[in-house]
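For reference, the structure is listed below as structure tokens.
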Amino acid sequence: MTPPVDLAVVGAGPAGLAAAVRAAGLGLSVALLDAGERPGGQFHRYPAPGLRAARPEALHHGWRHFARRLRQLETGGVTYLPRHHVWTVARGDGCWLLHAVVGPDETPATVRARAVLLATGAYERQLPFPGWTLPGVVGAGGAQAMLKSGLVLPGRRVVVAGSGPLLLAVAASLAAAGARVPAVVEAADYRAYGRSLPAVLRTPAKLAEGARYGGGLLRRSTRLLTRHAVTAAHGTARVEAVTVTRLDDHWRPVPGTGRRVPCDALAVGHGLVPQLDLAVGLGCATRRTADDTHALVVDADQATTVPGIWAAGESCGIGGADLALTEGEIAADAVARTLHDVPADPRRHAALTRRRTRLRAFADAMAAAHRPGPGWADWLDDATEVCRCEEVTAGRVREAVAGYGAHDTRTVKLLTRAGMGWCQGRMCGQAVARLAGGEGAAAVESRPLSCPVPLRPLAQLPPEAEEFRA
Amino acid sequence: MSQTPLGLVRAAPAAPYTFTFDGRILTALPGQTLAAALWAAGIMSWRTTRGGGAPRGVFCGIGVCHDCLATVNGRPNQRACLVAVQPGDVVTVQEGTGHDATR
Ligand SMILES: Cc1cc2nc3c(=O)[nH]c(=O)nc-3n(C[C@H](O)[C@H](O)[C@H](O)COP(=O)(O)OP(=O)(O)OC[C@H]3O[C@@H](n4cnc5c(N)ncnc54)[C@H](O)[C@@H]3O)c2cc1C
Ligand code: FES
């Protein structure tokens with residue numbers, strides 16, 4: 001058997017890519033596993049080579065740095081393993097075992113490593129509303145991803161709605177690519193940033209980016225409506241219009257304020273949720289974030305609470321691509337110091353740490369400003385499907401709560417099947433938790449397998465990983 | 001003239017391929033996912049749900065929600081937002097589970 005690599009990085013987004021390249025530069029043997037076809041993660045999605053885009057940077061910030069890291073990935077001694085979806089990380093004999101399924105045929109593969117860095121990023125938070133299952137209603141980040149990689153738009157007239165800074169970026173890209181964006185509908189109030197103005201001021205680049213998005217949009221006659229929400233989507237075969245309603249401080253719709261806005265697509269999302277399955281499976285501790293999700297607890301070196309497992313990027317809390325890659329570099333330095341006694345360069349270390357503190361403060365301020373108010377559940381009628389996979393309505397969840405005393409997602413799930421489908425509750429978890437009477441965050445979901453795994457690789461698992469089969 | 005995504009990034013794609021979708025002949029640009037090729041043809045749904053028979057297409061766009069399942073060359077449950085179109089692919093609307101016997 002070949003010896004284990006020093007470091008296995010899971011996820012080739014900004015965090016994982018920066019960490020892998022940096023660690024290899026410090027002399028570590030590194031494997032970088034990623035579920036996707038191409039490196040870059042959610043932020044640096046770029047057109048397939050066959051599309052021959054001469055100017056991919058038109059849809060990206062920081063393209064130059066990314067291009068440099070891609071070159072380093074090719075030349076710098078990282079074993080890059082695309083199309084590898086890691087479904088569990090297990091303890092082996094003196095090393096970690098990363099079990100993956102590879103490609104569309106789901107061929108099993110295992111990577112052995114002395115240390116693991118989880119850089120699994122995030123997915124979009126969705127809050128249901130009547131009509132959200134209509135074709136043409138797509139995730140805001142999803143619309144962005146489809147545009148960046150496939151060079152396609154969901155419609156010609158696209159309303160962008162939900163909450164969080166990503167909405168402005170998405171609206172700007174859609175508009176730049178030729179869509180009309182009649183409105184950006186933001187449930188929170190940007191004035192909420194006021195309380196954290198110091199954090200914003202220490203990060204002028206971010207602020208400028210925001211202003212640029214806003215400015216570009218205004219020129220294209222987009223209305224920015226804050227403290228409003230899309231409370232219904234209408235149509236039969238696909239979305240034809242949405243109802244935009246004013247919200248009170250608690251995100252309750254204000255009666256009588258609904259207006260219909262015609263559109264042929266809606267791009268919607270309410271922030272991002274850290275992707276924690278592998279970490280939770282390993283027993284890493286989590287914390288509740290300012291916008292009511294859960295993120296990994298890490299120390300100053302980006303080490304999780306499980307020795308030998310580090311984490312960086314949005315799995316440690318949503319904070320944007322710059323923070324992700326800063327954390328990735330800090331983690332790589334720490335792993336090199338731990339495994340090979342590579343001393344840290346004190347000036348560099350101080351600069352990275354300062355940068356992380358500044359970006360994290362900014363991210364926390366934004367998270368607090370965009371935290372969903374408890375009143376959003378008022379826009380669900382009983383017929384709204386909350387669980388898209390198992391087609392479970394809000395009415396059935398409410399019945400389970402009122403009639404059968406279900407007060408947590410797990411019990412609701414057992415009674416109604418909400419959260420039991422293909423997506424394993426990733427789309428409906430927040431909504432079910434809210435309807436079950438919780439104020440905010442769904443409990444940390446424990447998903448023993450990070451993706452649906454065919455039975456064959458499970459059956460082939462070596463005995464030491466038995467306990468992880470679940 | 002209005003902008004297009006291809007124009008924005010100055011794409012000069014290699015020759016398109018053809019594939020069929022429920023018997024219709026459609027084209028895809030090399031490297032596009034099935035979902036992207038269908039969107040480019042103005043098609044937003046390619047699955048009906050098991051319970052209500054409701055139409056579905058892309059939702060999350062990144063492989064998480066499984067709403068975009070399609071049957072490709074007879075194989076059901078392929079995530080259209082992840083799989084790249086291959087020349088000559090035969091794609092059909094997936095009804096229910098996509099397995100006739102268990103539908
Ligand atoms: C859909 C979407 C669109 C976004 N669009 C933008 C945007 O346009 N602009 C912007 O500023 N920010 C955007 N963001 C936010 C952006 O993703 C982050 O700021 C940044 O990418 C975080 O970097 P990261 O390295 O932490 O994670 P990510 O970039 O999310 O990378 C994580 C990587 O890990 C891989 N992965 C996860 N789990 C596994 C596993 N079990 N096995 C193998 N691989 C795995 C994923 O495939 C992914 O490649 C978007 C987020 C989402 C979810
Ligand atoms: S659109 Fe969600 S998995 Fe394809």
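Ordered as shown in the structure tokens, chains take letters A, B, and onward, while each chain numbers its residues from 1 and ligands are numbered from 1 in the order shown.
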
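Near Ala303 in chain A, within 9 Å and counting only C-alpha atoms, sit A:Leu117, A:Val297, A:Ile309, A:Trp310, A:Ala311, A:Ala312, A:Ala331, A:Ala334, A:Val335; same-chain residues fewer than 6 positions away were not included.
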
Could you list the residues in chain B lying within 9 Å of chain A, using only C-alpha atoms, and format the result as number ranges by chain? B: 2-15, 29-33, 35-37, 39-40, 42, 44-45, 49-52, 54-62, 64-67, 78, 81-83

How would the residues just chosen look if you wrote them out with N, CA and C atoms as a compact mmCIF listing (two decimals), in the first residue's frame?
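Result written to again-v9.txt:
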# COMPACT_ATOMS: atom_id res chain seq x y z
N SER B 2 -29.17 43.77 -27.60
CA SER B 2 -29.09 43.42 -26.18
C SER B 2 -27.99 42.39 -25.97
N GLN B 3 -27.45 42.39 -24.75
CA GLN B 3 -26.32 41.52 -24.39
C GLN B 3 -26.82 40.08 -24.23
N THR B 4 -25.93 39.13 -24.44
CA THR B 4 -26.23 37.73 -24.16
C THR B 4 -25.11 37.18 -23.27
N PRO B 5 -25.37 36.07 -22.58
CA PRO B 5 -24.29 35.50 -21.75
C PRO B 5 -23.06 35.15 -22.59
N LEU B 6 -23.27 34.60 -23.77
CA LEU B 6 -22.12 34.23 -24.61
C LEU B 6 -21.36 35.47 -25.05
N GLY B 7 -22.10 36.53 -25.37
CA GLY B 7 -21.48 37.78 -25.78
C GLY B 7 -20.68 38.40 -24.65
N LEU B 8 -21.23 38.31 -23.43
CA LEU B 8 -20.59 38.93 -22.27
C LEU B 8 -19.18 38.38 -22.05
N VAL B 9 -19.00 37.08 -22.19
CA VAL B 9 -17.68 36.50 -21.94
C VAL B 9 -16.92 36.24 -23.25
N ARG B 10 -17.46 36.79 -24.34
CA ARG B 10 -16.87 36.61 -25.68
C ARG B 10 -16.57 35.13 -25.96
N ALA B 11 -17.61 34.32 -25.86
CA ALA B 11 -17.44 32.89 -26.10
C ALA B 11 -17.52 32.61 -27.60
N ALA B 12 -16.63 31.74 -28.05
CA ALA B 12 -16.66 31.29 -29.45
C ALA B 12 -16.68 29.77 -29.41
N PRO B 13 -17.84 29.20 -29.02
CA PRO B 13 -17.87 27.77 -28.75
C PRO B 13 -17.56 26.93 -29.98
N ALA B 14 -17.03 25.73 -29.72
CA ALA B 14 -16.85 24.76 -30.79
C ALA B 14 -18.23 24.34 -31.29
N ALA B 15 -18.26 23.57 -32.37
CA ALA B 15 -19.54 23.23 -33.02
C ALA B 15 -20.51 22.56 -32.05
N LEU B 29 -24.20 23.23 -26.57
CA LEU B 29 -22.83 23.66 -26.82
C LEU B 29 -21.90 22.73 -26.05
N PRO B 30 -20.72 22.48 -26.59
CA PRO B 30 -19.81 21.53 -25.94
C PRO B 30 -19.54 21.92 -24.49
N GLY B 31 -19.71 20.97 -23.59
CA GLY B 31 -19.44 21.22 -22.18
C GLY B 31 -20.65 21.68 -21.40
N GLN B 32 -21.71 22.09 -22.06
CA GLN B 32 -22.89 22.52 -21.31
C GLN B 32 -23.52 21.34 -20.59
N THR B 33 -24.04 21.60 -19.41
CA THR B 33 -24.80 20.55 -18.73
C THR B 33 -26.13 20.39 -19.45
N ALA B 35 -29.02 20.59 -18.10
CA ALA B 35 -29.92 21.65 -17.65
C ALA B 35 -29.66 22.94 -18.44
N ALA B 36 -28.39 23.27 -18.67
CA ALA B 36 -28.07 24.49 -19.40
C ALA B 36 -28.59 24.40 -20.84
N ALA B 37 -28.41 23.24 -21.46
CA ALA B 37 -28.87 23.08 -22.84
C ALA B 37 -30.39 23.21 -22.92
N TRP B 39 -32.36 24.86 -20.75
CA TRP B 39 -32.69 26.29 -20.53
C TRP B 39 -32.48 27.08 -21.81
N ALA B 40 -31.37 26.80 -22.50
CA ALA B 40 -31.08 27.55 -23.73
C ALA B 40 -32.17 27.35 -24.76
N GLY B 42 -35.24 27.10 -23.91
CA GLY B 42 -36.46 27.64 -23.29
C GLY B 42 -37.26 26.61 -22.52
N MET B 44 -38.01 24.59 -19.21
CA MET B 44 -37.74 24.80 -17.78
C MET B 44 -38.13 23.61 -16.91
N SER B 45 -38.86 22.63 -17.48
CA SER B 45 -39.20 21.46 -16.65
C SER B 45 -39.03 20.18 -17.45
N THR B 49 -43.56 15.10 -10.59
CA THR B 49 -43.35 14.52 -9.25
C THR B 49 -44.17 13.25 -9.08
N ARG B 50 -43.74 12.42 -8.13
CA ARG B 50 -44.38 11.14 -7.86
C ARG B 50 -45.81 11.31 -7.38
N GLY B 51 -46.03 12.26 -6.47
CA GLY B 51 -47.34 12.42 -5.85
C GLY B 51 -48.29 13.21 -6.74
N GLY B 52 -48.02 14.50 -6.88
CA GLY B 52 -48.94 15.39 -7.56
C GLY B 52 -48.74 15.48 -9.07
N ALA B 54 -46.53 17.12 -10.57
CA ALA B 54 -46.22 18.53 -10.88
C ALA B 54 -44.90 18.63 -11.65
N PRO B 55 -44.81 19.61 -12.57
CA PRO B 55 -43.57 19.76 -13.34
C PRO B 55 -42.44 20.36 -12.50
N ARG B 56 -41.23 19.87 -12.72
CA ARG B 56 -40.06 20.40 -12.01
C ARG B 56 -38.88 20.48 -12.96
N GLY B 57 -37.96 21.38 -12.64
CA GLY B 57 -36.71 21.49 -13.39
C GLY B 57 -35.61 21.85 -12.42
N VAL B 58 -34.73 22.76 -12.84
CA VAL B 58 -33.65 23.20 -11.96
C VAL B 58 -34.21 23.98 -10.77
N PHE B 59 -33.71 23.71 -9.58
CA PHE B 59 -34.00 24.61 -8.47
C PHE B 59 -32.70 25.14 -7.86
N CYS B 60 -31.90 24.25 -7.26
CA CYS B 60 -30.68 24.75 -6.59
C CYS B 60 -29.56 25.05 -7.59
N GLY B 61 -29.55 24.36 -8.71
CA GLY B 61 -28.53 24.61 -9.74
C GLY B 61 -27.15 24.06 -9.42
N ILE B 62 -26.97 23.42 -8.25
CA ILE B 62 -25.62 22.97 -7.87
C ILE B 62 -25.60 21.52 -7.38
N VAL B 64 -27.70 19.83 -5.28
CA VAL B 64 -28.12 19.54 -3.91
C VAL B 64 -29.57 19.08 -3.82
N CYS B 65 -30.48 19.72 -4.59
CA CYS B 65 -31.91 19.51 -4.35
C CYS B 65 -32.50 18.30 -5.05
N HIS B 66 -31.87 17.80 -6.09
CA HIS B 66 -32.38 16.67 -6.88
C HIS B 66 -33.72 16.95 -7.55
N ASP B 67 -34.08 18.20 -7.74
CA ASP B 67 -35.33 18.51 -8.44
C ASP B 67 -35.19 18.34 -9.95
N GLN B 78 -30.83 11.12 -13.25
CA GLN B 78 -29.59 11.84 -13.55
C GLN B 78 -29.81 13.33 -13.25
N CYS B 81 -28.40 19.25 -13.76
CA CYS B 81 -27.53 20.40 -13.52
C CYS B 81 -26.07 19.97 -13.40
N LEU B 82 -25.81 18.68 -13.31
CA LEU B 82 -24.43 18.20 -13.18
C LEU B 82 -23.92 17.47 -14.42
N VAL B 83 -24.80 16.70 -15.09
CA VAL B 83 -24.30 15.88 -16.21
C VAL B 83 -24.11 16.72 -17.47

Under the rule of at most 6 Å, produce a per-residue listing of chain A near ligand 1: chain, number, name, the closest pair of atoms, and the distance in Å, as JSON lines, using only C-alpha atoms and all ligand atoms.
{"residue": "A:Val10", "atom": "CA", "partner": "ligand 1", "partner_atom_place_in_ligand_line": "44 (N)", "distance": 5.4}
{"residue": "A:Gly11", "atom": "CA", "partner": "ligand 1", "partner_atom_place_in_ligand_line": "34 (O)", "distance": 3.1}
{"residue": "A:Ala12", "atom": "CA", "partner": "ligand 1", "partner_atom_place_in_ligand_line": "49 (O)", "distance": 4.9}
{"residue": "A:Gly13", "atom": "CA", "partner": "ligand 1", "partner_atom_place_in_ligand_line": "31 (O)", "distance": 3.4}
{"residue": "A:Pro14", "atom": "CA", "partner": "ligand 1", "partner_atom_place_in_ligand_line": "25 (O)", "distance": 3.9}
{"residue": "A:Ala15", "atom": "CA", "partner": "ligand 1", "partner_atom_place_in_ligand_line": "25 (O)", "distance": 3.7}
{"residue": "A:Gly16", "atom": "CA", "partner": "ligand 1", "partner_atom_place_in_ligand_line": "25 (O)", "distance": 5.5}
{"residue": "A:Leu33", "atom": "CA", "partner": "ligand 1", "partner_atom_place_in_ligand_line": "43 (C)", "distance": 5.7}
{"residue": "A:Asp34", "atom": "CA", "partner": "ligand 1", "partner_atom_place_in_ligand_line": "44 (N)", "distance": 3.7}
{"residue": "A:Ala35", "atom": "CA", "partner": "ligand 1", "partner_atom_place_in_ligand_line": "44 (N)", "distance": 3.9}
{"residue": "A:Gly36", "atom": "CA", "partner": "ligand 1", "partner_atom_place_in_ligand_line": "47 (O)", "distance": 4.9}
{"residue": "A:Gly41", "atom": "CA", "partner": "ligand 1", "partner_atom_place_in_ligand_line": "49 (O)", "distance": 3.3}
{"residue": "A:Gln42", "atom": "CA", "partner": "ligand 1", "partner_atom_place_in_ligand_line": "29 (O)", "distance": 3.9}
{"residue": "A:Phe43", "atom": "CA", "partner": "ligand 1", "partner_atom_place_in_ligand_line": "21 (O)", "distance": 3.9}
{"residue": "A:His84", "atom": "CA", "partner": "ligand 1", "partner_atom_place_in_ligand_line": "43 (C)", "distance": 5.6}
{"residue": "A:His85", "atom": "CA", "partner": "ligand 1", "partner_atom_place_in_ligand_line": "42 (N)", "distance": 3.8}
{"residue": "A:Val86", "atom": "CA", "partner": "ligand 1", "partner_atom_place_in_ligand_line": "42 (N)", "distance": 3.8}
{"residue": "A:Trp87", "atom": "CA", "partner": "ligand 1", "partner_atom_place_in_ligand_line": "41 (N)", "distance": 5.4}
{"residue": "A:Ala119", "atom": "CA", "partner": "ligand 1", "partner_atom_place_in_ligand_line": "25 (O)", "distance": 5.6}
{"residue": "A:Thr120", "atom": "CA", "partner": "ligand 1", "partner_atom_place_in_ligand_line": "37 (C)", "distance": 3.7}
{"residue": "A:Gly121", "atom": "CA", "partner": "ligand 1", "partner_atom_place_in_ligand_line": "27 (O)", "distance": 3.2}
{"residue": "A:Ala122", "atom": "CA", "partner": "ligand 1", "partner_atom_place_in_ligand_line": "30 (O)", "distance": 5.0}
{"residue": "A:Tyr123", "atom": "CA", "partner": "ligand 1", "partner_atom_place_in_ligand_line": "53 (C)", "distance": 3.9}
{"residue": "A:Glu124", "atom": "CA", "partner": "ligand 1", "partner_atom_place_in_ligand_line": "53 (C)", "distance": 4.9}
{"residue": "A:Gly141", "atom": "CA", "partner": "ligand 1", "partner_atom_place_in_ligand_line": "3 (C)", "distance": 3.6}
{"residue": "A:Gly142", "atom": "CA", "partner": "ligand 1", "partner_atom_place_in_ligand_line": "1 (C)", "distance": 4.6}
{"residue": "A:Gln144", "atom": "CA", "partner": "ligand 1", "partner_atom_place_in_ligand_line": "8 (O)", "distance": 5.7}
{"residue": "A:Ala145", "atom": "CA", "partner": "ligand 1", "partner_atom_place_in_ligand_line": "3 (C)", "distance": 5.6}
{"residue": "A:Ala169", "atom": "CA", "partner": "ligand 1", "partner_atom_place_in_ligand_line": "8 (O)", "distance": 6.0}
{"residue": "A:Gly313", "atom": "CA", "partner": "ligand 1", "partner_atom_place_in_ligand_line": "26 (O)", "distance": 3.3}
{"residue": "A:Glu314", "atom": "CA", "partner": "ligand 1", "partner_atom_place_in_ligand_line": "26 (O)", "distance": 3.8}
{"residue": "A:Gly320", "atom": "CA", "partner": "ligand 1", "partner_atom_place_in_ligand_line": "19 (O)", "distance": 3.2}
{"residue": "A:Ala321", "atom": "CA", "partner": "ligand 1", "partner_atom_place_in_ligand_line": "19 (O)", "distance": 3.8}
{"residue": "A:Ala324", "atom": "CA", "partner": "ligand 1", "partner_atom_place_in_ligand_line": "26 (O)", "distance": 5.0}
{"residue": "A:Ser450", "atom": "CA", "partner": "ligand 1", "partner_atom_place_in_ligand_line": "41 (N)", "distance": 5.6}

Mind writing the picked residues with N, CA, C and O atoms as a short mmCIF file (atom, residue, chain, number, x, y, z; two decimals), in the first residue's frame?
data_model
loop_
_atom_site.label_atom_id
_atom_site.label_comp_id
_atom_site.auth_asym_id
_atom_site.auth_seq_id
_atom_site.Cartn_x
_atom_site.Cartn_y
_atom_site.Cartn_z
N VAL A 10 -10.73 18.39 1.31
CA VAL A 10 -12.02 18.10 0.68
C VAL A 10 -12.66 19.41 0.27
O VAL A 10 -12.98 20.24 1.12
N GLY A 11 -12.82 19.62 -1.04
CA GLY A 11 -13.43 20.84 -1.55
C GLY A 11 -12.40 21.72 -2.24
O GLY A 11 -11.40 22.11 -1.63
N ALA A 12 -12.64 22.01 -3.53
CA ALA A 12 -11.69 22.83 -4.29
C ALA A 12 -12.27 24.21 -4.58
O ALA A 12 -12.08 24.78 -5.64
N GLY A 13 -13.01 24.77 -3.61
CA GLY A 13 -13.45 26.16 -3.70
C GLY A 13 -12.29 27.07 -3.31
O GLY A 13 -11.15 26.60 -3.17
N PRO A 14 -12.54 28.35 -3.12
CA PRO A 14 -11.46 29.27 -2.75
C PRO A 14 -10.66 28.79 -1.54
O PRO A 14 -9.43 28.85 -1.55
N ALA A 15 -11.32 28.26 -0.51
CA ALA A 15 -10.62 27.84 0.70
C ALA A 15 -9.73 26.62 0.43
O ALA A 15 -8.54 26.62 0.75
N GLY A 16 -10.31 25.59 -0.15
CA GLY A 16 -9.58 24.34 -0.35
C GLY A 16 -8.45 24.50 -1.35
O GLY A 16 -7.36 23.94 -1.18
N LEU A 33 -9.57 16.65 -3.10
CA LEU A 33 -10.73 15.92 -3.63
C LEU A 33 -11.89 16.90 -3.78
O LEU A 33 -12.18 17.68 -2.86
N ASP A 34 -12.59 16.83 -4.90
CA ASP A 34 -13.73 17.73 -5.10
C ASP A 34 -14.80 17.01 -5.91
O ASP A 34 -14.50 16.29 -6.85
N ALA A 35 -16.06 17.26 -5.53
CA ALA A 35 -17.17 16.61 -6.22
C ALA A 35 -17.34 17.12 -7.64
O ALA A 35 -17.88 16.43 -8.50
N GLY A 36 -16.90 18.36 -7.90
CA GLY A 36 -17.17 19.00 -9.19
C GLY A 36 -16.26 18.53 -10.32
O GLY A 36 -15.28 17.81 -10.11
N GLY A 41 -15.01 25.72 -6.94
CA GLY A 41 -16.12 25.76 -5.98
C GLY A 41 -17.27 26.60 -6.51
O GLY A 41 -17.46 26.74 -7.71
N GLN A 42 -18.03 27.17 -5.58
CA GLN A 42 -19.22 27.93 -5.98
C GLN A 42 -18.87 29.29 -6.54
O GLN A 42 -19.54 29.80 -7.43
N PHE A 43 -17.84 29.90 -6.03
CA PHE A 43 -17.53 31.27 -6.44
C PHE A 43 -16.90 31.29 -7.83
O PHE A 43 -17.34 32.01 -8.72
N HIS A 84 -14.72 13.52 -7.37
CA HIS A 84 -14.65 12.64 -6.20
C HIS A 84 -15.56 13.20 -5.12
O HIS A 84 -15.24 14.21 -4.51
N HIS A 85 -16.69 12.56 -4.92
CA HIS A 85 -17.58 13.01 -3.84
C HIS A 85 -17.27 12.18 -2.59
O HIS A 85 -17.51 10.98 -2.57
N VAL A 86 -16.74 12.83 -1.58
CA VAL A 86 -16.39 12.13 -0.34
C VAL A 86 -17.67 11.93 0.46
O VAL A 86 -18.36 12.91 0.76
N TRP A 87 -17.99 10.70 0.76
CA TRP A 87 -19.25 10.51 1.49
C TRP A 87 -19.03 10.22 2.96
O TRP A 87 -19.92 10.36 3.76
N ALA A 119 -13.11 21.69 3.51
CA ALA A 119 -13.40 23.00 2.91
C ALA A 119 -14.61 22.83 2.00
O ALA A 119 -14.57 23.08 0.80
N THR A 120 -15.69 22.33 2.62
CA THR A 120 -16.84 21.88 1.85
C THR A 120 -17.86 22.98 1.54
O THR A 120 -18.87 22.72 0.91
N GLY A 121 -17.60 24.22 1.99
CA GLY A 121 -18.42 25.34 1.55
C GLY A 121 -19.84 25.32 2.08
O GLY A 121 -20.09 24.89 3.22
N ALA A 122 -20.76 25.78 1.26
CA ALA A 122 -22.12 26.01 1.71
C ALA A 122 -23.10 25.75 0.58
O ALA A 122 -22.71 25.60 -0.57
N TYR A 123 -24.35 25.69 0.93
CA TYR A 123 -25.41 25.70 -0.09
C TYR A 123 -26.43 26.74 0.31
O TYR A 123 -26.39 27.29 1.42
N GLU A 124 -27.37 27.03 -0.59
CA GLU A 124 -28.25 28.17 -0.37
C GLU A 124 -29.40 27.84 0.59
O GLU A 124 -29.96 26.75 0.54
N GLY A 141 -28.34 31.80 -6.06
CA GLY A 141 -26.99 31.29 -6.31
C GLY A 141 -27.00 30.27 -7.44
O GLY A 141 -26.04 30.16 -8.21
N GLY A 142 -28.09 29.52 -7.55
CA GLY A 142 -28.22 28.52 -8.60
C GLY A 142 -28.27 29.18 -9.97
O GLY A 142 -27.64 28.70 -10.93
N GLN A 144 -26.97 32.00 -10.68
CA GLN A 144 -25.60 32.50 -10.88
C GLN A 144 -24.69 31.37 -11.36
O GLN A 144 -23.91 31.53 -12.29
N ALA A 145 -24.83 30.21 -10.72
CA ALA A 145 -23.99 29.06 -11.07
C ALA A 145 -24.27 28.61 -12.51
O ALA A 145 -23.35 28.31 -13.27
N ALA A 169 -25.10 40.64 -6.16
CA ALA A 169 -24.14 40.08 -7.10
C ALA A 169 -24.87 39.33 -8.21
O ALA A 169 -24.55 39.45 -9.40
N GLY A 313 -13.02 28.11 5.24
CA GLY A 313 -14.04 28.56 4.30
C GLY A 313 -15.42 28.54 4.93
O GLY A 313 -15.56 28.59 6.16
N GLU A 314 -16.43 28.46 4.09
CA GLU A 314 -17.78 28.71 4.56
C GLU A 314 -18.33 27.62 5.47
O GLU A 314 -19.33 27.84 6.14
N GLY A 320 -17.76 34.85 2.50
CA GLY A 320 -17.27 35.28 1.20
C GLY A 320 -15.96 34.63 0.81
O GLY A 320 -15.27 34.02 1.64
N ALA A 321 -15.62 34.79 -0.46
CA ALA A 321 -14.47 34.08 -1.03
C ALA A 321 -13.14 34.55 -0.43
O ALA A 321 -12.25 33.75 -0.20
N ALA A 324 -12.64 32.98 2.85
CA ALA A 324 -12.42 31.54 2.66
C ALA A 324 -10.96 31.27 2.31
O ALA A 324 -10.32 30.39 2.88
N SER A 450 -22.75 11.73 3.22
CA SER A 450 -22.84 13.07 2.69
C SER A 450 -23.56 13.14 1.35
O SER A 450 -23.92 14.20 0.89
#

For ligand 2, which of B:Gly23, B:Pro87, B:Gly74, B:Gly63 is the closest residue, counting only C-alpha atoms and all ligand atoms? B:Gly63

Would you mind listing what lies within 12 Å of Gly256 in chain A as an MDAnalysis selection string, with only C-alpha atoms counted and same-chain residues fewer than 5 positions away left out? chainID A and resid 243:247

Can you pull out every residue from range 191-389 of chain A that DSSP, working from the backbone, puts in alpha helix (DSSP H), and format the result as a PyMOL selection string? chain A and resi 197-201+204-219+277-282+320-340+346-369

List the spatial neighbours of Ala187 in chain A as a ChimeraX atom specification - criterion: any atom at most 9 Å away, only C-alpha atoms, same-chain residues fewer than 6 positions off excluded. /A:161-164,225-230,246-247,251,270,370,372-373

CA of Ala109 in chain A to CA of Leu73 in chain A: how many Å, to one decimal?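 Between these atoms lies a distance of 21.2 Å.
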
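With CA of Arg47 in chain B on one side and CA of Val93 in chain B on the other, the separation reads 5.2 Å.
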
Between CA of Arg288 in chain A and CA of Thr416 in chain A - distance in Å to one decimal: 26.6 Å

Every residue of range 285-465 of chain A that DSSP places in strand (DSSP E or B), as a list in words: Thr286, Arg287, Arg288, His294, Ala295, Leu296, Ala303, Ile309, Trp310, Ala311, Glu385, Val386, Cys387, Val392 and Thr393 of chain A

Kindly save the residues from that selection, with N, CA and C atoms included, as a compact mmCIF listing (two decimals), in the first residue's frame.
# COMPACT_ATOMS: atom_id res chain seq x y z
N THR A 286 -20.01 22.25 16.66
CA THR A 286 -20.55 23.34 15.85
C THR A 286 -21.03 24.46 16.75
N ARG A 287 -21.24 25.62 16.13
CA ARG A 287 -21.76 26.76 16.89
C ARG A 287 -22.92 27.34 16.08
N ARG A 288 -23.77 28.10 16.77
CA ARG A 288 -24.88 28.74 16.08
C ARG A 288 -24.41 30.10 15.58
N HIS A 294 -25.76 26.77 11.47
CA HIS A 294 -24.69 26.20 12.29
C HIS A 294 -23.41 26.16 11.48
N ALA A 295 -22.29 26.45 12.16
CA ALA A 295 -21.00 26.42 11.50
C ALA A 295 -20.03 25.69 12.41
N LEU A 296 -18.87 25.29 11.87
CA LEU A 296 -17.90 24.55 12.67
C LEU A 296 -17.18 25.46 13.64
N ALA A 303 -8.16 24.72 13.37
CA ALA A 303 -8.33 23.32 13.76
C ALA A 303 -9.73 23.14 14.34
N ILE A 309 -8.22 17.12 12.30
CA ILE A 309 -9.19 17.61 11.31
C ILE A 309 -9.21 19.13 11.37
N TRP A 310 -8.83 19.77 10.26
CA TRP A 310 -8.89 21.22 10.14
C TRP A 310 -10.07 21.62 9.25
N ALA A 311 -10.47 22.88 9.28
CA ALA A 311 -11.56 23.32 8.41
C ALA A 311 -11.30 24.78 8.01
N GLU A 385 -46.27 23.50 -0.51
CA GLU A 385 -45.40 22.35 -0.26
C GLU A 385 -44.13 22.86 0.43
N VAL A 386 -43.87 22.31 1.60
CA VAL A 386 -42.66 22.71 2.34
C VAL A 386 -41.51 21.82 1.92
N CYS A 387 -41.77 20.51 1.88
CA CYS A 387 -40.75 19.56 1.44
C CYS A 387 -40.99 19.27 -0.03
N VAL A 392 -44.65 17.37 0.85
CA VAL A 392 -45.36 17.51 2.13
C VAL A 392 -45.74 18.99 2.31
N THR A 393 -47.03 19.24 2.55
CA THR A 393 -47.50 20.62 2.64
C THR A 393 -47.30 21.19 4.05
